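Below you'll find the structure, written out as structure tokens, and then a few comments.
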Amino acid sequence: MSDLTPTPAVPAQENPPSQSWDADEVRNKAASFFLPSASPDTRSQSDAPVVRPILPEGEAILQPPMDNTPNDAPEDAPHRIPNLGHALLFLAITGVFLFLTQLLLLGFAKPSAIGNKASAISSIPPKLLIGTEALTYILALVVSWFVFPLLWKRPFPTGIDANPDAARRNALRLIPLGLTLSFAVQAISTVIAIPKDIPMDDFFRTPSDVWLVTLFGIFLAPLFEEILFRGFLLPAVAIAYDWLSLPRTPAAREFWHSNNKISTPAYVFSAVFTSILFALLHGQQTAFTWPVILLLFCVSLILSAVRIRLRSVLASTLIHASYNFTIFLTAFIATGGYRHLDRMNR
């Protein structure tokens with residue numbers, strides 16, 4: 001009987017090569033940084049193409065994070081995108097167009113105010129300020145749509161994990177979440193001492209200004225901000241975190257290049273870090289009222305959690321847009337359809 005029983009082929013236990021054992025030890029240590037799906041037991045499947053599961057209606061929100069930018073072609077090496085270089089490039093593209101639109105704004109300013117940039121900008125109608133900012137966002141997105149696929153070898157929406165299917169499947173959960181979150185923040189804000197004159201009030205002087213800000217704040221601003229913070233910066237910072245956490249050995253580098261996983265600690269660190277940036281970016285609008293900035297930080301953490309859970313930037317965009325919609329809806333009702341803006345005085 002023992003002659004007929006197949007015996008698994010295993011390497012001899014005597015005198016194992018020390019170099020191979022050290023490499024495996026480092027590889028296993030490196031694997032511990034990543035999600036459970038990246039454990040050593042599954043390394044043999046890392047070269048296979050990753051197929052996104054087709055999830056039932058509303059079920060995607062319950063799924064854990066999956067691979068970052070899965071490879072469609074088995075022969076392609078795994079990619080971690082967007083990385084910090086890609087995020088900096090996106091910021092540079094935006095910065096160039098922002099600089100050009102600022103020059104355009106100064107061109108419309110009064111000649112006597114040209115020497116003082118702050119005075120020049122403050123003398124420009126809010127419609128022009130919002131219009132040039134919208135132009136900056138649109139141009140940056142259009143250029144990025146064509147530039148980044150050349151670097152990523154995949155479409156721009158795929159590279160940033162737009163994933164519209166997840167947003168669509170979970171819309172009935174995401175929209176109420178955004179509405180509830182906004183109402184909660186507004187309720188808490190009523191007990192916070194906010195300065196009576198803040199920069200945001202400059203855009204609520206005339207009904208036409210408010211309507212333009214409303215359209216911009218519901219449709220374009222959430223999309224651009226989510227692409228920047230949750231599409232580029234969130235994965236880029238997480239990738240950098242994992243890279244810095246990896247042992248500096250050839251085996252660890254080999255493991256790094258054999259997969260495209262992002263660890264849970266990296267996502268947590270990145271969500272906190274980018275949420276700080278998100279809150280500070282909006283702090284100027286409220287004259288850096290710190291309790292409000294703390295609330296915005298918490299809102300950003302929720303947006304980041306949803307983006308990670310669903311692997312969908314459009315999912316967090318849907319919450320962000322719903323959040324902003326509630327703010328403008330409240331103002332619309334309180335001012336009788338933007339006809340009595342004086343009612344907004346604190």
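Going through the structure tokens in order, the chains are called A, B, and so on, while each chain numbers its residues from 1 and the ligands are numbered from 1 in the order shown.
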Would you mind listing what lies within 12 Å of segment 323-333 of chain A as number ranges by chain, with only C-alpha atoms counted and same-chain residues fewer than 4 positions away left out?
A: 174-187, 189, 204, 207, 210-223, 296, 299-300, 302-303, 316-319, 337-345
Env of segment 138-147 of chain A: 9 Å cut, atoms = only C-alpha atoms, seq-sep filter 5 positions within chain, self excluded. Answer as a ChimeraX atom specification.
/A:90-91,93-97,133,155-157,220,224
Suppose we keep C-alpha atoms; can you now write the selection as a PDB file, in the first residue's frame?
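Saved file result_39.pdb follows:
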ATOM      1  CA  PHE A  90      -2.192  66.672 -10.997  1.00  0.00           C
ATOM      2  CA  LEU A  91      -1.555  69.492  -8.523  1.00  0.00           C
ATOM      3  CA  ILE A  93      -1.584  70.955 -13.791  1.00  0.00           C
ATOM      4  CA  THR A  94      -4.196  72.553 -11.550  1.00  0.00           C
ATOM      5  CA  GLY A  95      -1.680  75.123 -10.327  1.00  0.00           C
ATOM      6  CA  VAL A  96      -0.787  76.198 -13.866  1.00  0.00           C
ATOM      7  CA  PHE A  97      -4.409  76.835 -14.778  1.00  0.00           C
ATOM      8  CA  GLU A 133     -12.394  78.803 -10.501  1.00  0.00           C
ATOM      9  CA  PRO A 155      -8.347  55.091 -18.721  1.00  0.00           C
ATOM     10  CA  PHE A 156      -8.406  58.025 -16.317  1.00  0.00           C
ATOM     11  CA  PRO A 157     -11.601  56.869 -14.493  1.00  0.00           C
ATOM     12  CA  LEU A 220     -18.366  70.745 -10.006  1.00  0.00           C
ATOM     13  CA  PHE A 224     -12.988  68.001  -8.388  1.00  0.00           C
TER      14      PHE A 224
END
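For Arg311 of chain A, the residues within 7 Å (counting only C-alpha atoms, excluding itself and residues fewer than 3 positions away along the chain) are Pro65, Asp161, Asn163, Arg307 and Ile308 of chain A.
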When DSSP works through the backbone of this structure, what residues of segment 219-253 of chain A end up as alpha helix (DSSP H), shown as a VMD selection string?
chain A and resid 221 to 226 234 to 245 250 to 253
For the residues selected in the previous step, produce a file with C-alpha atoms as a PDB file, in the first residue's frame.
ATOM      1  CA  ALA A 221     -16.666  71.425  -6.664  1.00  0.00           C
ATOM      2  CA  PRO A 222     -17.495  68.012  -5.083  1.00  0.00           C
ATOM      3  CA  LEU A 223     -16.307  66.158  -8.185  1.00  0.00           C
ATOM      4  CA  PHE A 224     -12.988  68.001  -8.388  1.00  0.00           C
ATOM      5  CA  GLU A 225     -12.294  67.842  -4.662  1.00  0.00           C
ATOM      6  CA  GLU A 226     -13.045  64.122  -4.476  1.00  0.00           C
ATOM      7  CA  LEU A 234      -5.556  59.179  -0.606  1.00  0.00           C
ATOM      8  CA  PRO A 235      -3.970  56.276  -2.527  1.00  0.00           C
ATOM      9  CA  ALA A 236      -0.737  58.207  -3.141  1.00  0.00           C
ATOM     10  CA  VAL A 237      -0.082  58.817   0.559  1.00  0.00           C
ATOM     11  CA  ALA A 238      -1.075  55.230   1.400  1.00  0.00           C
ATOM     12  CA  ILE A 239       1.321  53.839  -1.218  1.00  0.00           C
ATOM     13  CA  ALA A 240       4.122  56.022   0.166  1.00  0.00           C
ATOM     14  CA  TYR A 241       3.339  54.812   3.697  1.00  0.00           C
ATOM     15  CA  ASP A 242       3.633  51.147   2.687  1.00  0.00           C
ATOM     16  CA  TRP A 243       6.839  51.806   0.779  1.00  0.00           C
ATOM     17  CA  LEU A 244       8.444  53.469   3.791  1.00  0.00           C
ATOM     18  CA  SER A 245       7.261  50.602   6.030  1.00  0.00           C
ATOM     19  CA  PRO A 250      16.064  42.608  -2.119  1.00  0.00           C
ATOM     20  CA  ALA A 251      13.415  40.082  -1.053  1.00  0.00           C
ATOM     21  CA  ALA A 252      11.146  42.817   0.253  1.00  0.00           C
ATOM     22  CA  ARG A 253      11.573  44.797  -2.959  1.00  0.00           C
TER      23      ARG A 253
END
Expressed in Å, the length from atom CA of Pro82 of chain A to atom CA of Gly159 of chain A is 6.8 Å
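Distances from A:Thr132, A:Ser275, A:Pro291, A:Ala321 to Leu228 of chain A were compared using only C-alpha atoms, and the smallest one belongs to A:Ser275.
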So how many Å separate atom CA of Ile188 of chain A and atom CA of Ile130 of chain A, to one decimal?
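Between atom CA of Ile188 of chain A and atom CA of Ile130 of chain A the gap works out to 27.8 Å.
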When you draw a straight line from atom CA of Ala334 of chain A to atom CA of Arg173 of chain A, how long is it in Å?
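Separation between atom CA of Ala334 of chain A and atom CA of Arg173 of chain A: 26.8 Å.
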Go through A:Ile81, A:Leu281, A:Val292, A:Leu98 and flag the residue nearest Arg154 of chain A, using only C-alpha atoms for the distances.
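The shortest atom-to-atom distance to Arg154 of chain A comes from A:Ile81.
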